[in-house]
Amino acid sequence: DLKLVTHTRARSKALLDICFSSSSILAAGVNQTPQEGRPARTMSSLHLQQLLVVLLVVCSIHCSAFQNLFPNFPSFAATPKTATKKTTGVVELEERLLAALANQDARLSNSDEVAQLVEQLEASGASIERPAIAPEVYGKWRLMQTTNADSASPIQRKAVDTSKFAIYQDIEVNSEGNLIVSQVVKFSDKNALRVDAIGSTSAYPIDELTDREGTGKILGLNILGVSLVGDEAEEDPTRPDSRIRFVFDEGNFDLGAIGLKIPYPVPFRWPLFRDAVKGWIDITYLSERIRIARGNKGTTFVLVKED
């Protein structure tokens, strides 16, 4: 843009010089002092008219160049306020959602108020586009609420419902260029459980991370949770780049208070369990401070961005 403006100004200055020079020529032609030994030359009115026509044509061709010499002044006409009202309405919805979450005694809830606010934000059309790869998705998110879905594992429901422990989800790219989605349960400032999953999006694709095939039931029992599969797990084509696929890869109890790290007792990398530890989350709403996602086990998550 800077080069274009500079070029336009240079052309405009050159055109002005031409016009001024032409004016001088006209003046000289109309009233030229005769030199010694030479007859005085005069310019007829017809010649003057022809030259003026040429100058007007040139100026009309390049008139747009002159416009770039002057600033664009704002219009004082009335402007529509639809966008402002929409933004204000979305902010109010977010504030109401945060207030409703703050009044809950537990994270695991089927609150009608929260569910309605979540659906309104999802339908608002104000989410950041392509949320799974948007810059705003990366960082530390604190889990504020999740629905008490029957398809979630009993262990997951019990852990999430223990509201005295803070639960976070970190989305980051490690030093090897891999997308890592981590679930972190903070027992104290120095003690935590961290379960890392390898993520896959269009920005950080992993070809071998194929879609999950099994529901996850073991001998017909819901032990690890029941996942949507097949047609029920298809992505919404109207919302591109909203899904983060993942496979749990490693977990540890980090007991920093005593300098000890204990492996999480689930063999994520065993071939027998590899399909069962796959999953995905569809980000249905994303702003700079709130993220709403729906998981492969039918649960809805509401998270708030940490500073």
# chains A, B, ... in the order shown; residues from 1 in each chain; ligands from 1

call {"tool": "residues_around", "arguments": {"residues": "Arg289 in chain A", "least_positions_apart": "3", "cutoff": "9 Å", "atoms": "only C-alpha atoms", "output": "ChimeraX atom specification"}}
result
/A:94,136,141,286,303-306

call {"tool": "write_last_selection", "arguments": {"atoms": "C-alpha atoms", "output": "tab-separated table (two decimals), in the first residue's frame"}}
result
chain	number	residue	atom	x	y	z
A	94	GLU	CA	-20.70	-14.24	27.88
A	136	GLU	CA	-6.74	-17.69	20.16
A	141	TRP	CA	-7.87	-23.03	29.54
A	286	LEU	CA	-14.47	-19.47	20.59
A	303	LEU	CA	-13.65	-23.36	29.48
A	304	VAL	CA	-12.25	-19.94	30.32
A	305	LYS	CA	-8.88	-18.65	29.10
A	306	GLU	CA	-6.24	-18.17	31.78

call {"tool": "residues_around", "arguments": {"residues": "Asp211 in chain A", "least_positions_apart": "2", "cutoff": "12 Å", "atoms": "only C-alpha atoms", "output": "count of residues only"}}
result
29

call {"tool": "select_by_dssp", "arguments": {"residues": "range 109-274 of chain A", "states": "alpha helix (DSSP H)", "output": "list in words"}}
result
Asp112, Glu113, Val114, Ala115, Gln116, Leu117, Val118, Glu119, Gln120, Leu121, Glu122, Ala123, Pro154, Ile155, Gln156, Arg157, Lys158, Ala159, Val160, Asp161, Pro271, Leu272, Phe273 and Arg274 of chain A

call {"tool": "atom_distance", "arguments": {"atom1": "CA of Thr284 in chain A", "atom2": "CA of Glu122 in chain A"}}
result
5.8 Å

call {"tool": "closest_residue", "arguments": {"among": "A:Ile262, A:Leu179, A:Ala102, A:Val185", "to": "Ala197 in chain A", "atoms": "only C-alpha atoms"}}
result
A:Leu179

call {"tool": "closest_residue", "arguments": {"among": "A:Asn103, A:Asn174, A:Gln145, A:Asn252", "to": "Ile290 in chain A", "atoms": "only C-alpha atoms"}}
result
A:Gln145

call {"tool": "residues_around", "arguments": {"residues": "Asp170 in chain A", "least_positions_apart": "3", "cutoff": "9 Å", "atoms": "only C-alpha atoms", "output": "list in words"}}
result
Tyr138, Gly139, Lys140, Trp141, Arg142, Ile180, Val181, Ser182, Gln183 and Val184 of chain A

call {"tool": "closest_residue", "arguments": {"among": "A:Ser111, A:Ser175, A:Asn191, A:Gln169", "to": "Phe253 in chain A", "atoms": "only C-alpha atoms"}}
result
A:Asn191

call {"tool": "closest_residue", "arguments": {"among": "A:Ile133, A:Ala115, A:Val195, A:Ile128", "to": "Gly251 in chain A", "atoms": "only C-alpha atoms"}}
result
A:Val195
